[in-house]
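Inspection log for the structure reproduced underneath, given as structure tokens.
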Amino acid sequence: MVACFLIGFAGAYGYFASDYGYLVAMAIAWGQIDTIGVACEDLTEYLDTYGNKDIHKINDLVTDIVKILQHHSQYMTHLDHVYGFHSAVIVITAMISQTITLFSIIKAGWIFGILFAFVFIFQILTICLVGGVYVVKLSKLQETVNQTNWYLMPWRKQKMFISIIHNIQNIPEPTAMSLIPLNFNTFVNCMKTMYQLLMLLFNVSK
């Protein structure tokens, strides 16, 4: 019994360890979002102070924003390709495992299952939490960009900045295989689904 517990715990921990790469990748995405926001704030500060006198300086600031934005959009697309299937497997298998674990705890009094229950719920929470934080940061970035005094720029640069606003509104958000959005709402939906599966197990086992 003890050996089974140790093997199961080691497997669950190793399963969770596979998420570390995704967490690091999402932390990088957070930093890129913050960098775009800082670049927009720098542009606003310059326009408020000097207006549109130095077109070359304005062009450099806008170009920096465009480059960072393009790099970030490509990064998020690549991130979904690399970790999309991984995230889907984590969420789905953790939900199923959590449901079975809770059923065993309640029905059979499996005390050790409480540890596994914490591991599985923590996996789902972690995956959805990092995505939820990204969505919040992206929303704040959109507010920052909309508050940029882009109307003080020359006309041609205004058209370019409108394109920047449009592109920021279409940045890919974290998903599992482009099917399951990874955010706070998904975590709530996972909890509801696990409850429904648990009730189904109880009804079937009667």
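Here, A, B, ... name the chains of the structure tokens in the order displayed, residue numbers run from 1 inside each chain, and ligands are numbered from 1 in the same displayed order.
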Residues at most 12 Å from range 170-180 of chain A, counting only C-alpha atoms, excluding those fewer than 2 positions away in the same chain, as a ChimeraX atom specification?
-> /A:22-23,25-26,29-30,33,69-92,127-139,141-142,163-168,182-187,189-190
Next on the checklist: Please extract the residues of chain A with a backbone DSSP assignment of alpha helix (DSSP H) and present them as a PyMOL selection string.
Outcome noted: chain A and resi 2-17+20-50+55-108+113-146+155-169+184-205
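Taking only C-alpha atoms into account, Met194 in chain A lies nearest to A:Gln98 out of the set A:Phe122, A:Ile68, A:Gln98, A:Val38.
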_Could you check the closest approach to Lys206 in chain A for each of A:Lys107, A:Ile36, A:Val188, A:Lys157 and tell me which residue wins, using only C-alpha atoms?_
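When distances to Lys206 in chain A are compared using only C-alpha atoms, the smallest one comes from A:Lys107.
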Note to self: From the options A:Asn52, A:Thr99, A:Thr193, A:Gln123, which residue's atoms come nearest to Trp155 in chain A, counting only C-alpha atoms?
What the structure shows: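 Nearest candidate to Trp155 in chain A out of A:Asn52, A:Thr99, A:Thr193, A:Gln123: A:Asn52.
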Those of range 153-206 of chain A in DSSP strand (DSSP E), formatted as a ChimeraX atom specification
/A:175-176,180-181
Which residue gives the smallest distance to Pro154 in chain A among A:Ile55, A:Cys40, A:Leu200, A:Leu61, with only C-alpha atoms counted?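 Smallest separation from Pro154 in chain A among the options: A:Ile55.
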The residue from A:Asn203, A:Gln32, A:Thr148, A:Ser104 with the smallest atom-to-atom distance to Tyr46 in chain A, counting only C-alpha atoms, is A:Thr148
Taking only C-alpha atoms into account, name the residue in A:Ile96, A:Ile162, A:Met153, A:Met199 that is nearest to Tyr50 in chain A.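 Closest to Tyr50 in chain A, using only C-alpha atoms: A:Met153.
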May I ask for the distance between CA of Ile65 in chain A and CA of Asp34 in chain A, given in Å to one decimal place?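 According to the coordinates, CA of Ile65 in chain A and CA of Asp34 in chain A are separated by 11.6 Å.
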For a test of reading the model, state the distance in Å between CA of Ser97 in chain A and CA of Ile114 in chain A, rounded to one decimal.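 It comes out at 12.0 Å.
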Correct to one decimal, the distance CA of Lys192 in chain A-CA of Met95 in chain A is 10.3 Å
